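Next comes entry-v7.cif, with mmCIF, C-alpha atoms.
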```cif
data_structure
#
loop_
_atom_site.group_PDB
_atom_site.id
_atom_site.type_symbol
_atom_site.label_atom_id
_atom_site.label_comp_id
_atom_site.auth_asym_id
_atom_site.auth_seq_id
_atom_site.Cartn_x
_atom_site.Cartn_y
_atom_site.Cartn_z
ATOM 1 C CA MET U 1 15.904 -29.250 27.797
ATOM 2 C CA ILE U 2 14.119 -29.368 31.139
ATOM 3 C CA GLU U 3 15.729 -31.426 33.914
ATOM 4 C CA THR U 4 13.556 -32.095 36.963
ATOM 5 C CA VAL U 5 14.722 -33.106 40.426
ATOM 6 C CA ALA U 6 12.664 -34.115 43.450
ATOM 7 C CA GLU U 7 14.388 -31.814 45.941
ATOM 8 C CA ILE U 8 17.354 -29.456 45.891
ATOM 9 C CA PRO U 9 18.517 -26.644 48.153
ATOM 10 C CA SER U 10 18.218 -24.073 45.346
ATOM 11 C CA THR U 11 17.956 -24.361 41.575
ATOM 12 C CA ASN U 12 19.735 -21.016 41.229
ATOM 13 C CA GLY U 13 22.457 -22.149 43.601
ATOM 14 C CA ALA U 14 22.999 -25.378 41.669
ATOM 15 C CA LEU U 15 23.424 -23.580 38.345
ATOM 16 C CA LEU U 16 25.703 -20.950 39.880
ATOM 17 C CA ALA U 17 27.880 -23.761 41.257
ATOM 18 C CA ARG U 18 28.085 -25.429 37.857
ATOM 19 C CA LEU U 19 29.055 -22.180 36.187
ATOM 20 C CA GLY U 20 31.551 -21.406 38.938
ATOM 21 C CA GLY U 21 33.166 -24.777 38.370
ATOM 22 C CA GLY U 22 33.715 -23.987 34.728
ATOM 23 C CA GLU U 23 30.801 -25.974 33.294
ATOM 24 C CA ALA U 24 29.195 -24.502 30.184
ATOM 25 C CA VAL U 25 25.424 -24.387 30.627
ATOM 26 C CA ALA U 26 23.581 -23.913 27.356
ATOM 27 C CA GLU U 27 20.749 -21.447 26.959
ATOM 28 C CA GLY U 28 17.454 -23.299 26.859
ATOM 29 C CA TYR U 29 18.459 -25.661 29.666
ATOM 30 C CA TRP U 30 16.226 -25.551 32.751
ATOM 31 C CA LEU U 31 16.655 -27.069 36.198
ATOM 32 C CA VAL U 32 13.233 -27.501 37.819
ATOM 33 C CA ALA U 33 12.594 -28.820 41.333
ATOM 34 C CA ASP U 34 9.567 -30.366 43.004
ATOM 35 C CA ARG U 35 10.761 -28.794 46.260
ATOM 36 C CA GLN U 36 13.511 -26.392 47.322
ATOM 37 C CA SER U 37 14.881 -26.648 50.845
ATOM 38 C CA ALA U 38 16.873 -23.402 50.732
ATOM 39 C CA GLY U 39 15.275 -21.345 48.000
ATOM 40 C CA ARG U 40 15.838 -17.620 48.114
ATOM 41 C CA GLY U 41 14.421 -14.491 46.597
ATOM 42 C CA ARG U 42 15.777 -11.045 45.966
ATOM 43 C CA ALA U 43 17.648 -9.238 48.779
ATOM 44 C CA GLY U 44 18.272 -12.556 50.543
ATOM 45 C CA ARG U 45 14.632 -13.307 51.327
ATOM 46 C CA ALA U 46 13.536 -16.890 51.781
ATOM 47 C CA TRP U 47 11.813 -18.249 48.684
ATOM 48 C CA SER U 48 8.871 -20.259 49.973
ATOM 49 C CA ASP U 49 8.183 -23.411 48.013
ATOM 50 C CA GLY U 50 5.057 -25.486 47.712
ATOM 51 C CA PHE U 51 4.477 -28.850 46.076
ATOM 52 C CA GLY U 52 2.853 -28.415 42.674
ATOM 53 C CA ASN U 53 4.253 -24.919 42.225
ATOM 54 C CA PHE U 54 6.827 -24.027 39.595
ATOM 55 C CA MET U 55 10.396 -23.525 40.839
ATOM 56 C CA GLY U 56 13.068 -23.438 38.188
ATOM 57 C CA SER U 57 16.196 -21.735 36.892
ATOM 58 C CA THR U 58 17.815 -21.213 33.530
ATOM 59 C CA VAL U 59 20.905 -19.477 32.165
ATOM 60 C CA VAL U 60 21.483 -16.623 29.730
ATOM 61 C CA ASN U 61 25.010 -16.382 28.333
ATOM 62 C CA LEU U 62 25.965 -12.755 27.832
ATOM 63 C CA ARG U 63 27.311 -11.475 24.517
ATOM 64 C CA GLY U 64 29.144 -8.254 23.748
ATOM 65 C CA PRO U 65 26.319 -6.233 22.152
ATOM 66 C CA ASP U 66 23.603 -7.338 24.613
ATOM 67 C CA PRO U 67 21.556 -4.767 26.558
ATOM 68 C CA LEU U 68 22.308 -4.270 30.248
ATOM 69 C CA PRO U 69 21.973 -7.629 32.093
ATOM 70 C CA GLN U 70 19.558 -6.068 34.623
ATOM 71 C CA THR U 71 16.926 -5.843 31.885
ATOM 72 C CA LEU U 72 16.687 -9.636 31.838
ATOM 73 C CA ALA U 73 14.515 -9.464 34.969
ATOM 74 C CA LEU U 74 11.951 -7.545 32.938
ATOM 75 C CA VAL U 75 12.298 -9.868 29.931
ATOM 76 C CA ALA U 76 11.699 -12.853 32.214
ATOM 77 C CA GLY U 77 8.726 -11.110 33.823
ATOM 78 C CA LEU U 78 7.223 -10.515 30.413
ATOM 79 C CA ALA U 79 7.596 -14.200 29.538
ATOM 80 C CA VAL U 80 5.924 -15.234 32.804
ATOM 81 C CA HIS U 81 3.059 -12.773 32.221
ATOM 82 C CA GLU U 82 2.530 -14.062 28.679
ATOM 83 C CA THR U 83 2.597 -17.678 29.850
ATOM 84 C CA VAL U 84 -0.019 -17.070 32.552
ATOM 85 C CA SER U 85 -2.150 -14.953 30.201
ATOM 86 C CA ALA U 86 -2.203 -17.733 27.607
ATOM 87 C CA ILE U 87 -3.272 -20.259 30.237
ATOM 88 C CA ALA U 88 -5.858 -17.954 31.804
ATOM 89 C CA PRO U 89 -6.938 -15.369 29.215
ATOM 90 C CA THR U 90 -9.869 -14.173 31.335
ATOM 91 C CA LEU U 91 -7.785 -13.601 34.471
ATOM 92 C CA ALA U 92 -8.229 -9.944 35.400
ATOM 93 C CA ASP U 93 -5.805 -7.529 37.054
ATOM 94 C CA LEU U 94 -2.624 -9.390 36.104
ATOM 95 C CA TRP U 95 0.205 -6.905 36.521
ATOM 96 C CA LEU U 96 3.981 -6.826 36.345
ATOM 97 C CA LYS U 97 5.536 -4.925 39.249
ATOM 98 C CA TRP U 98 9.072 -3.615 38.919
ATOM 99 C CA PRO U 99 11.488 -5.219 38.976
ATOM 100 C CA ASN U 100 10.591 -8.853 39.462
ATOM 101 C CA ASP U 101 7.033 -9.635 40.555
ATOM 102 C CA LEU U 102 3.833 -10.745 38.866
ATOM 103 C CA LEU U 103 0.672 -9.760 40.721
ATOM 104 C CA VAL U 104 -2.976 -10.728 40.587
ATOM 105 C CA GLY U 105 -4.636 -7.614 41.931
ATOM 106 C CA ASP U 106 -2.346 -6.758 44.839
ATOM 107 C CA ALA U 107 -1.294 -10.359 45.564
ATOM 108 C CA LYS U 108 2.025 -11.823 44.476
ATOM 109 C CA LEU U 109 1.688 -14.721 42.046
ATOM 110 C CA ALA U 110 5.286 -15.050 40.847
ATOM 111 C CA GLY U 111 8.790 -13.778 41.526
ATOM 112 C CA ILE U 112 12.080 -13.643 39.663
ATOM 113 C CA LEU U 113 15.671 -13.662 40.918
ATOM 114 C CA LEU U 114 18.711 -12.807 38.784
ATOM 115 C CA GLU U 115 22.226 -13.788 39.840
ATOM 116 C CA ARG U 116 25.348 -13.313 37.743
ATOM 117 C CA GLN U 117 28.343 -15.636 37.415
ATOM 118 C CA ARG U 118 31.029 -14.149 35.151
ATOM 119 C CA ASP U 119 29.482 -13.807 31.680
ATOM 120 C CA ALA U 120 26.297 -15.687 32.499
ATOM 121 C CA VAL U 121 23.093 -14.719 34.289
ATOM 122 C CA VAL U 122 21.049 -17.305 36.154
ATOM 123 C CA ILE U 123 17.332 -16.530 36.083
ATOM 124 C CA GLY U 124 15.313 -18.150 38.851
ATOM 125 C CA ILE U 125 11.527 -18.101 38.601
ATOM 126 C CA GLY U 126 8.915 -19.171 41.105
ATOM 127 C CA VAL U 127 5.210 -19.276 40.232
ATOM 128 C CA ASN U 128 2.406 -20.221 42.619
ATOM 129 C CA LEU U 129 0.470 -22.738 40.573
ATOM 130 C CA ALA U 130 -1.095 -25.015 43.199
ATOM 131 C CA GLN U 131 -0.757 -23.094 46.445
ATOM 132 C CA ALA U 132 0.138 -19.662 47.755
ATOM 133 C CA PRO U 133 2.662 -19.618 50.604
ATOM 134 C CA LEU U 134 1.769 -17.725 53.744
ATOM 135 C CA VAL U 135 4.234 -14.843 53.903
ATOM 136 C CA PRO U 136 4.195 -12.254 56.712
ATOM 137 C CA ASP U 137 3.093 -8.790 55.584
ATOM 138 C CA ARG U 138 2.630 -9.872 51.985
ATOM 139 C CA SER U 139 -0.491 -10.881 50.102
ATOM 140 C CA THR U 140 -0.010 -13.953 47.901
ATOM 141 C CA ALA U 141 -2.141 -15.853 45.401
ATOM 142 C CA SER U 142 -1.993 -19.020 43.326
ATOM 143 C CA LEU U 143 -3.509 -19.928 39.977
ATOM 144 C CA SER U 144 -5.452 -22.638 41.796
ATOM 145 C CA ASP U 145 -6.974 -19.933 44.030
ATOM 146 C CA CYS U 146 -8.139 -18.251 40.820
ATOM 147 C CA GLY U 147 -9.813 -21.447 39.592
ATOM 148 C CA ILE U 148 -7.056 -22.300 37.113
ATOM 149 C CA ASP U 149 -5.469 -25.746 37.152
ATOM 150 C CA ILE U 150 -2.334 -26.561 35.184
ATOM 151 C CA SER U 151 0.342 -29.142 35.792
ATOM 152 C CA ARG U 152 3.793 -28.011 36.782
ATOM 153 C CA ASP U 153 5.364 -29.826 33.839
ATOM 154 C CA GLN U 154 3.022 -28.255 31.293
ATOM 155 C CA PHE U 155 3.644 -24.818 32.765
ATOM 156 C CA ALA U 156 7.404 -25.438 32.629
ATOM 157 C CA ALA U 157 7.265 -26.355 28.947
ATOM 158 C CA ASP U 158 5.136 -23.320 28.080
ATOM 159 C CA LEU U 159 7.335 -20.923 30.048
ATOM 160 C CA ALA U 160 10.563 -22.347 28.626
ATOM 161 C CA ALA U 161 9.330 -21.792 25.074
ATOM 162 C CA ARG U 162 8.222 -18.224 25.748
ATOM 163 C CA LEU U 163 11.379 -17.252 27.605
ATOM 164 C CA ASP U 164 13.584 -18.788 24.908
ATOM 165 C CA ASP U 165 11.808 -16.614 22.341
ATOM 166 C CA ALA U 166 12.053 -13.483 24.504
ATOM 167 C CA VAL U 167 15.767 -14.007 25.209
ATOM 168 C CA ASP U 168 16.473 -14.518 21.506
ATOM 169 C CA ARG U 169 14.735 -11.226 20.797
ATOM 170 C CA TRP U 170 16.730 -9.569 23.602
ATOM 171 C CA HIS U 171 20.012 -10.830 22.136
ATOM 172 C CA TYR U 172 19.124 -9.647 18.639
ATOM 173 C CA GLY U 173 18.258 -6.035 19.386
ATOM 174 C CA GLU U 174 14.575 -6.053 20.316
ATOM 175 C CA TRP U 175 14.963 -4.709 23.871
ATOM 176 C CA PRO U 176 13.159 -1.414 22.970
ATOM 177 C CA LEU U 177 10.086 -3.396 21.854
ATOM 178 C CA LEU U 178 10.320 -5.770 24.820
ATOM 179 C CA ARG U 179 10.482 -2.707 27.095
ATOM 180 C CA GLN U 180 7.286 -1.310 25.591
ATOM 181 C CA GLN U 181 5.575 -4.681 25.954
ATOM 182 C CA TRP U 182 6.642 -4.823 29.617
ATOM 183 C CA ILE U 183 5.251 -1.319 30.245
ATOM 184 C CA SER U 184 1.925 -2.290 28.658
ATOM 185 C CA ARG U 185 1.583 -5.142 31.171
ATOM 186 C CA ALA U 186 2.907 -3.286 34.213
ATOM 187 C CA LEU U 187 1.104 -1.425 36.968
ATOM 188 C CA PRO U 188 -0.662 1.445 35.229
ATOM 189 C CA THR U 189 1.269 4.691 34.969
ATOM 190 C CA GLY U 190 0.111 6.957 37.764
ATOM 191 C CA THR U 191 -0.398 4.161 40.300
ATOM 192 C CA LEU U 192 0.509 5.514 43.728
ATOM 193 C CA VAL U 193 3.478 3.589 45.097
ATOM 194 C CA SER U 194 6.107 3.842 47.780
ATOM 195 C CA VAL U 195 9.739 2.836 47.532
ATOM 196 C CA LYS U 196 12.072 1.891 50.345
ATOM 197 C CA ASP U 197 15.335 3.531 49.347
ATOM 198 C CA SER U 198 18.520 2.724 51.249
ATOM 199 C CA ASP U 199 19.727 6.331 50.989
ATOM 200 C CA HIS U 200 16.513 8.349 51.305
ATOM 201 C CA GLY U 201 14.163 6.138 53.333
ATOM 202 C CA THR U 202 10.597 5.711 52.070
ATOM 203 C CA ILE U 203 9.692 7.737 48.986
ATOM 204 C CA MET U 204 6.104 8.072 47.738
ATOM 205 C CA GLY U 205 5.054 8.983 44.229
ATOM 206 C CA ALA U 206 3.294 7.913 41.055
ATOM 207 C CA PHE U 207 4.737 5.067 39.007
ATOM 208 C CA ALA U 208 5.979 6.602 35.759
ATOM 209 C CA GLY U 209 7.210 3.554 33.863
ATOM 210 C CA ILE U 210 10.806 2.543 33.180
ATOM 211 C CA ASP U 211 13.624 4.207 31.276
ATOM 212 C CA ASP U 212 15.650 2.796 28.398
ATOM 213 C CA ASP U 213 17.837 0.826 30.837
ATOM 214 C CA GLY U 214 14.901 -0.736 32.690
ATOM 215 C CA VAL U 215 15.223 1.605 35.687
ATOM 216 C CA ALA U 216 11.942 2.428 37.441
ATOM 217 C CA LEU U 217 10.724 6.045 37.337
ATOM 218 C CA LEU U 218 8.724 7.708 40.101
ATOM 219 C CA ARG U 219 6.947 11.045 39.724
ATOM 220 C CA LEU U 220 7.055 12.912 43.030
ATOM 221 C CA ALA U 221 4.455 15.299 44.398
ATOM 222 C CA ASP U 222 6.451 18.320 43.163
ATOM 223 C CA GLY U 223 6.463 16.941 39.608
ATOM 224 C CA ALA U 224 10.078 15.831 39.639
ATOM 225 C CA VAL U 225 10.837 12.374 38.249
ATOM 226 C CA ARG U 226 13.231 10.213 40.245
ATOM 227 C CA ALA U 227 15.017 7.149 38.917
ATOM 228 C CA ILE U 228 14.817 4.129 41.241
ATOM 229 C CA HIS U 229 17.758 1.822 40.617
ATOM 230 C CA ALA U 230 17.074 -0.528 43.536
ATOM 231 C CA GLY U 231 14.526 -0.959 46.271
ATOM 232 C CA ASP U 232 11.088 -2.389 46.969
ATOM 233 C CA ILE U 233 8.109 -0.836 45.219
ATOM 234 C CA ASP U 234 4.801 -1.224 47.070
ATOM 235 C CA MET U 235 1.374 -0.147 45.932
ATOM 236 C CA VAL U 236 0.178 2.301 48.577
ATOM 237 C CA GLY U 237 -2.649 0.917 50.685
ATOM 238 C CA THR U 238 -1.976 -2.736 49.854
ATOM 239 C CA HIS U 239 0.095 -5.583 51.223
ATOM 240 C CA ALA U 240 1.866 -6.329 47.968
ATOM 241 C CA SER U 241 5.605 -6.164 48.330
ATOM 242 C CA GLY U 242 8.664 -6.480 46.174
ATOM 243 C CA GLY U 243 10.208 -9.891 46.539
#
```
Mind turning this structure into C-alpha cells?
Amino acid sequence: MIETVAEIPSTNGALLARLGGGEAVAEGYWLVADRQSAGRGRAGRAWSDGFGNFMGSTVVNLRGPDPLPQTLALVAGLAVHETVSAIAPTLADLWLKWPNDLLVGDAKLAGILLERQRDAVVIGIGVNLAQAPLVPDRSTASLSDCGIDISRDQFAADLAARLDDAVDRWHYGEWPLLRQQWISRALPTGTLVSVKDSDHGTIMGAFAGIDDDGVALLRLADGAVRAIHAGDIDMVGTHASGG
C-alpha cells in the first residue's frame, strides 16, 4: 500500500512516531509526500525536497534470524539502482556509493536514511526525478537532467515492488547474494576515495568493496585494508559526497 500526502515535515519522522506510539506498521506500506518541510538525511543533514521528486518511507520489521539491520541500507540502495536501471537502461555511470547514495557519474541522484525504532527499521528514500536540489559543495543530478521523464507515482510503485522483493530475500537468507549484487553495482574496486573518520581525520585509499556485514573496506597506500564502519566516502577529485 502506498499512501500519499501533500506535505509533511518528514515521512521518516511520521513513521517513527507511529511506531513509537505502539502502532504496528506492516511491511509493504509506504508513506510518500509531495513535499517535506523538515526532511533530513544521514548525520542530521537537511534533506532537500523538490516537487515531482520521490520522497517516501517504509518499514522493515526485524526478525530473530535477520542479518544485521545496517545492511538494509545496502538492500534499499540495490532496489533503487534496479528501479532506475529498469526505467533508464541506457543511463551510463550509475553507481552505488557506500553506504547510502546512488550516483550518476559523480553527482548524487538518490539518498537513503535508516532509523530504528525498537524492532523496526524505517527506510527513507529520496530520488531526484524532476529536479536536482542545489546543495553546497555537492554535485547533484536528476533523471530529468538525464533526459528521463517518469511520474512520481509510477516510480513509487516500481520501487515499492522491487524493495518488497529485496527485503523478502533479505529476510529469507539471501543477504550473501544481495551483497554480491550490491558490489557489482557499486563504485569500481580500486576507485580512489577519501573518508572523513571521526577518530582518524581524513583517510585516503582505494575502495575495496564491503565485508560480510556490509562494512566498507579501504585499501591504504601501504597495502593494509581498513574497515570503515561510519563516515563519508568521497571520490577523490570530485564533489560527490556521502549524504
Exercise. Pick the closest to Glu27 of chain U from U:Ala161, U:Leu113, U:Val215, U:Leu78: which is it, counting only C-alpha atoms?
Worked result: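 For Glu27 of chain U, the nearest of the candidates is U:Ala161.
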For this session: For atom CA of Ala6 of chain U and atom CA of Ala156 of chain U, quote the distance in Å rounded to one decimal.
Result: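 Going from atom CA of Ala6 of chain U over to atom CA of Ala156 of chain U covers 14.8 Å.
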Please evaluate the PyMOL selection byres ((chain U and resi 192-197) around 8) against the structure above and give the resulting residues as a CSV table (one decimal) with C-alpha atoms, keeping the file's coordinate frame.
```
chain,number,residue,atom,x,y,z
U,190,GLY,CA,0.1,7.0,37.8
U,191,THR,CA,-0.4,4.2,40.3
U,198,SER,CA,18.5,2.7,51.2
U,199,ASP,CA,19.7,6.3,51.0
U,200,HIS,CA,16.5,8.3,51.3
U,201,GLY,CA,14.2,6.1,53.3
U,202,THR,CA,10.6,5.7,52.1
U,203,ILE,CA,9.7,7.7,49.0
U,204,MET,CA,6.1,8.1,47.7
U,205,GLY,CA,5.1,9.0,44.2
U,206,ALA,CA,3.3,7.9,41.1
U,207,PHE,CA,4.7,5.1,39.0
U,230,ALA,CA,17.1,-0.5,43.5
U,231,GLY,CA,14.5,-1.0,46.3
U,232,ASP,CA,11.1,-2.4,47.0
U,233,ILE,CA,8.1,-0.8,45.2
U,234,ASP,CA,4.8,-1.2,47.1
U,235,MET,CA,1.4,-0.1,45.9
U,236,VAL,CA,0.2,2.3,48.6
```
For this session: May I ask for the distance between atom CA of Lys108 of chain U and atom CA of Asp158 of chain U, given in Å to one decimal place?
Result: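 A separation of 20.3 Å between them.
What separates atom CA of Ile8 of chain U from atom CA of Ser57 of chain U is a distance of 11.9 Å.
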Problem set entry | Ground truth for the PyMOL selection byres ((chain U and resi 16) around 9), written as a list in words |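 Evaluating the PyMOL selection byres ((chain U and resi 16) around 9) on these coordinates yields Thr11, Asn12, Gly13, Ala14, Leu15, Ala17, Arg18, Leu19, Gly20, Gly21, Glu115, Arg116, Gln117, Val121 and Val122 of chain U.
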Exercise. Given the choices U:Ala208, U:Leu143, U:Leu129, U:Val32, which gets closest to Glu7 of chain U if the distance is worked out from all atoms listed in the file?
Worked result: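 Closest residue, counting all atoms listed in the file: U:Val32.
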Exercise. Could you name the residues that touch Gly126 of chain U at 12 Å or less, counting all atoms listed in the file, but leaving out those on the same chain fewer than 2 positions away, as a ChimeraX atom specification?
Worked result: /U:10-12,32-36,39-42,46-58,76-77,80,100-102,108-114,123-124,128-133,142,152,155-156,159,243
For this session: Extract, using only C-alpha atoms, all DNA, RNA and protein residues at most 12 Å from Pro176 of chain U, discarding same-chain residues fewer than 5 positions from it, and format them as a list of chain:residue names.
Result: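 Surrounding residues, per the criterion: U:Pro67, U:Thr71, U:Leu74, U:Val75, U:Arg169, U:Trp170, U:His171, U:Gln181, U:Trp182, U:Ile183, U:Ile210, U:Asp211, U:Asp212, U:Asp213, U:Gly214.
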Find the axis-aligned box for segment 79-82 of chain U, covering all its listed atoms and adding 6 Å on each side, and write its centre and edge lengths in Å to one decimal as JSON.
```
{"center_x": 5.1, "center_y": -14.0, "center_z": 30.7, "size_x": 17.1, "size_y": 14.5, "size_z": 16.1}
```
